[in-house]
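Visitor: Handing over coords_16.cif, mmCIF, C-alpha atoms and all ligand atoms.
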data_work
#
loop_
_atom_site.label_atom_id
_atom_site.label_comp_id
_atom_site.auth_asym_id
_atom_site.auth_seq_id
_atom_site.Cartn_x
_atom_site.Cartn_y
_atom_site.Cartn_z
CA LYS A 17 -4.98 54.08 -46.17
CA MET A 18 -2.33 56.46 -47.40
CA ALA A 19 -1.14 56.40 -51.00
CA ASN A 20 1.70 54.00 -51.71
CA GLU A 21 4.04 56.79 -52.77
CA THR A 22 3.51 58.57 -49.43
CA LEU A 23 4.22 55.40 -47.46
CA LYS A 24 7.32 54.66 -49.53
CA ALA A 25 8.60 58.21 -48.95
CA GLN A 26 7.97 57.98 -45.17
CA LEU A 27 9.81 54.68 -45.02
CA GLY A 28 12.70 56.21 -46.93
CA ASN A 29 12.84 59.27 -44.64
CA ALA A 30 12.93 57.10 -41.52
CA ALA A 31 15.47 54.67 -42.99
CA TRP A 32 17.85 57.41 -44.18
CA LYS A 33 17.60 59.21 -40.84
CA LEU A 34 18.74 56.11 -38.96
CA PHE A 35 21.32 55.25 -41.62
CA HIS A 36 23.05 58.66 -41.55
CA THR A 37 22.83 58.92 -37.75
CA ILE A 38 24.55 55.57 -37.30
CA LEU A 39 27.36 56.64 -39.64
CA ALA A 40 27.77 60.05 -37.96
CA ARG A 41 28.13 58.30 -34.57
CA TYR A 42 30.49 55.57 -35.74
CA PRO A 43 33.94 55.64 -34.05
CA ASP A 44 36.69 57.95 -35.36
CA LYS A 45 39.15 55.07 -35.06
CA PRO A 46 37.13 51.88 -35.40
CA SER A 47 38.63 48.49 -34.54
CA GLN A 48 38.67 45.71 -37.15
CA GLN A 49 35.63 44.24 -35.40
CA GLU A 50 33.75 47.56 -35.55
CA GLN A 51 34.61 47.94 -39.24
CA SER A 52 33.40 44.46 -39.97
CA THR A 53 30.20 45.02 -37.98
CA LEU A 54 29.34 48.22 -39.85
CA ASN A 55 30.06 46.67 -43.22
CA THR A 56 27.85 43.67 -42.41
CA TYR A 57 25.08 45.94 -41.07
CA ILE A 58 25.03 47.96 -44.31
CA GLN A 59 25.04 44.85 -46.52
CA LEU A 60 22.17 43.32 -44.53
CA PHE A 61 20.26 46.62 -44.52
CA GLY A 62 20.48 46.47 -48.32
CA GLN A 63 19.09 42.95 -48.25
CA VAL A 64 16.20 43.44 -45.83
CA TYR A 65 15.02 46.90 -46.98
CA PRO A 66 11.32 46.23 -47.52
CA CYS A 67 10.86 48.02 -50.88
CA GLY A 68 12.06 45.37 -53.30
CA ASP A 69 13.04 47.63 -56.19
CA CYS A 70 14.85 49.97 -53.78
CA ALA A 71 16.74 47.07 -52.20
CA ARG A 72 17.80 45.72 -55.58
CA HIS A 73 19.06 49.07 -56.75
CA PHE A 74 20.81 49.75 -53.44
CA GLN A 75 22.58 46.36 -53.51
CA HIS A 76 23.85 47.23 -56.97
CA LEU A 77 25.18 50.57 -55.64
CA LEU A 78 26.87 48.78 -52.71
CA LYS A 79 28.76 46.56 -55.13
CA LYS A 80 29.89 49.53 -57.16
CA PHE A 81 30.61 51.76 -54.15
CA PRO A 82 31.59 49.55 -51.18
CA PRO A 83 31.06 51.05 -47.70
CA GLN A 84 34.06 53.10 -46.50
CA VAL A 85 34.27 51.96 -42.90
CA GLY A 86 37.81 53.16 -42.02
CA SER A 87 36.69 56.15 -39.91
CA ARG A 88 33.64 58.16 -38.88
CA LYS A 89 34.38 60.83 -41.46
CA THR A 90 34.89 58.46 -44.39
CA ALA A 91 31.83 56.39 -43.40
CA ALA A 92 29.57 59.45 -43.07
CA LEU A 93 30.78 60.93 -46.37
CA TRP A 94 30.35 57.59 -48.12
CA GLY A 95 26.76 57.41 -46.77
CA CYS A 96 26.04 60.92 -47.99
CA ASP A 97 27.45 60.10 -51.43
CA ILE A 98 25.46 56.92 -51.82
CA HIS A 99 22.24 58.67 -50.75
CA ASN A 100 23.08 61.28 -53.41
CA LYS A 101 23.33 58.46 -55.97
CA VAL A 102 19.80 57.43 -55.01
CA ASN A 103 18.70 61.09 -55.17
CA GLU A 104 20.16 61.31 -58.66
CA LYS A 105 18.23 58.26 -59.82
CA LEU A 106 15.01 59.72 -58.38
CA HIS A 107 15.73 63.16 -59.95
CA LYS A 108 16.06 64.79 -56.54
CA SER A 109 18.60 67.52 -55.79
CA GLN A 110 22.09 66.70 -54.52
CA TYR A 111 22.67 67.14 -50.80
CA ASP A 112 25.66 69.19 -49.59
CA CYS A 113 27.81 66.71 -47.65
CA THR A 114 30.24 69.20 -46.08
CA THR A 115 28.44 69.35 -42.71
CA ILE A 116 27.19 65.77 -42.64
CA LEU A 117 28.53 65.01 -39.14
CA GLU A 118 26.80 68.03 -37.59
CA ASP A 119 23.62 67.40 -39.57
CA TYR A 120 23.08 64.02 -37.91
CA ASP A 121 23.49 64.55 -34.18
CA CYS A 122 21.83 61.70 -32.31
CA GLY A 123 21.29 63.73 -29.13
CA CYS A 124 23.21 61.08 -27.23
CA GLY A 125 26.17 63.37 -26.51
CA GLY A 126 28.37 61.97 -23.73
CA ASP A 127 27.67 58.26 -24.04
CA GLU A 128 30.35 57.51 -26.62
CA GLN A 129 32.42 55.40 -24.19
CA GLU A 130 29.58 53.14 -23.11
CA LYS A 131 28.54 52.54 -26.69
CA ASP A 132 29.15 48.92 -27.62
CA PHE A 133 29.11 49.28 -31.39
P1 LIG A 201 14.91 61.53 -48.55
O1 LIG A 201 15.74 61.11 -49.72
O2 LIG A 201 14.12 60.48 -47.84
O3 LIG A 201 15.87 62.24 -47.50
C1 LIG A 201 15.41 62.59 -46.21
C2 LIG A 201 16.16 63.81 -45.75
O4 LIG A 201 17.54 63.49 -45.67
C3 LIG A 201 16.10 64.99 -46.71
O5 LIG A 201 14.99 65.78 -46.46
C4 LIG A 201 17.39 65.71 -46.43
O6 LIG A 201 17.26 66.53 -45.29
C5 LIG A 201 18.33 64.60 -46.09
N1 LIG A 201 19.18 64.17 -47.21
C6 LIG A 201 18.91 64.17 -48.53
N2 LIG A 201 19.95 63.70 -49.23
C7 LIG A 201 20.90 63.39 -48.32
C8 LIG A 201 22.22 62.87 -48.43
N3 LIG A 201 22.77 62.58 -49.60
N4 LIG A 201 22.92 62.68 -47.29
C9 LIG A 201 22.39 62.98 -46.09
N5 LIG A 201 21.16 63.47 -45.92
C10 LIG A 201 20.43 63.68 -47.03
N6 LIG A 201 12.55 55.37 -53.47
C11 LIG A 201 12.17 55.06 -54.72
O7 LIG A 201 11.14 55.53 -55.18
N7 LIG A 201 12.95 54.23 -55.49
C12 LIG A 201 14.10 53.67 -55.02
O8 LIG A 201 14.77 52.91 -55.72
C13 LIG A 201 14.49 53.96 -53.69
N8 LIG A 201 15.59 53.40 -53.14
C14 LIG A 201 15.88 53.61 -51.84
C15 LIG A 201 16.96 52.96 -51.25
C16 LIG A 201 17.24 53.11 -49.91
C17 LIG A 201 18.37 52.35 -49.29
C18 LIG A 201 16.44 53.97 -49.12
C19 LIG A 201 16.73 54.14 -47.66
C20 LIG A 201 15.38 54.63 -49.68
C21 LIG A 201 15.08 54.47 -51.04
N9 LIG A 201 14.01 55.14 -51.65
C22 LIG A 201 13.67 54.84 -52.93
C23 LIG A 201 13.29 56.20 -50.92
C24 LIG A 201 13.87 57.56 -51.34
O9 LIG A 201 15.29 57.57 -51.23
C25 LIG A 201 13.36 58.69 -50.44
O10 LIG A 201 13.54 58.35 -49.08
C26 LIG A 201 11.91 59.05 -50.67
O11 LIG A 201 11.70 59.28 -52.04
C27 LIG A 201 11.54 60.32 -49.90
O12 LIG A 201 12.38 61.36 -50.35
P2 LIG A 201 12.55 62.77 -49.67
O13 LIG A 201 12.61 63.76 -50.75
O14 LIG A 201 11.54 62.95 -48.60
O15 LIG A 201 14.01 62.75 -48.98
#
Now that the file is in, can you turn its structure into structure tokens?
Guide:
Amino acid sequence: KMANETLKAQLGNAAWKLFHTILARYPDKPSQQEQSTLNTYIQLFGQVYPCGDCARHFQHLLKKFPPQVGSRKTAALWGCDIHNKVNEKLHKSQYDCTTILEDYDCGCGGDEQEKDF
């Protein structure tokens, strides 16, 4: 069995990848329903994240820095900033958020219209 720290890091990598990709694919002009859905998704993600200490800390960050769900750009930048807050706590370097939308391409190019967010 792999060391706990390795497993925790792999879980974090996978979780952040999905998290940032969802935000980078969120609509430019989301409806009220889409905004509400994303906000709920993020809050629940913070509740079900399986590392208990991580979840507790993340819920605290969500209270202090509520998700910015008004547009793709604001959502993606908010996600980058909150990940940077976690990086700071873990003494990791700060990520440059200026190309966040390009950094998280889902490879699902043309299917924006069919997407039922
Ligand atoms: P990660 O932080 O996993 O990042 C993966 C990749 O994303 C990086 O290689 C980089 O390419 C990119 N990246 C880095 N920063 C950003 C950013 N700001 N925006 C966009 N992309 C970025 N671990 C703990 O030990 N304690 C905790 O309290 C804790 N809380 C967590 C809370 C959440 C919600 C999540 C998802 C994970 C948490 N983790 C926690 C795990 C931790 O954040 C890392 O995932 C883990 O330490 C592995 O780090 P890493 O250096 O491989 O890069």
Visitor: With only C-alpha atoms and all ligand atoms as the atoms that count, which of A:Cys122, A:Ala91, A:Cys96, A:Ala30 lies nearest to ligand LIG 201 (chain A)?
Guide: A:Cys96
Visitor: Please measure the separation of atom C19 of ligand LIG 201 (chain A) and CA of Ile38 in chain A, giving the value in Å to one decimal.
Guide: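 About the pair atom C19 of ligand LIG 201 (chain A) and CA of Ile38 in chain A: they are 13.1 Å apart.
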Visitor: Any idea what's packed within 9 Å of Pro46 in chain A, counting only C-alpha atoms, ignoring anything in its chain fewer than 6 positions away? Could you give it as an mmCIF file with C-alpha atoms, in the coordinates of the input?
Guide:
data_model
loop_
_atom_site.group_PDB
_atom_site.id
_atom_site.type_symbol
_atom_site.label_atom_id
_atom_site.label_comp_id
_atom_site.auth_asym_id
_atom_site.auth_seq_id
_atom_site.Cartn_x
_atom_site.Cartn_y
_atom_site.Cartn_z
ATOM 1 C CA VAL A 85 34.270 51.960 -42.900
ATOM 2 C CA GLY A 86 37.810 53.160 -42.020
ATOM 3 C CA SER A 87 36.690 56.150 -39.910
ATOM 4 C CA ARG A 88 33.640 58.160 -38.880
#
Visitor: Could you give me the residues within 6 Å of ligand LIG 201 (chain A), counting all atoms listed in the file, as JSON, numbers by chain?
Guide: {"A": [25, 28, 29, 31, 32, 69, 70, 71, 73, 74, 96, 97, 99, 100, 102, 111]}
Visitor: Rounded to one decimal in Å, what is the spacing between CA of Met18 in chain A and CA of Phe35 in chain A?
Guide: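 Between CA of Met18 in chain A and CA of Phe35 in chain A the gap is 24.4 Å.
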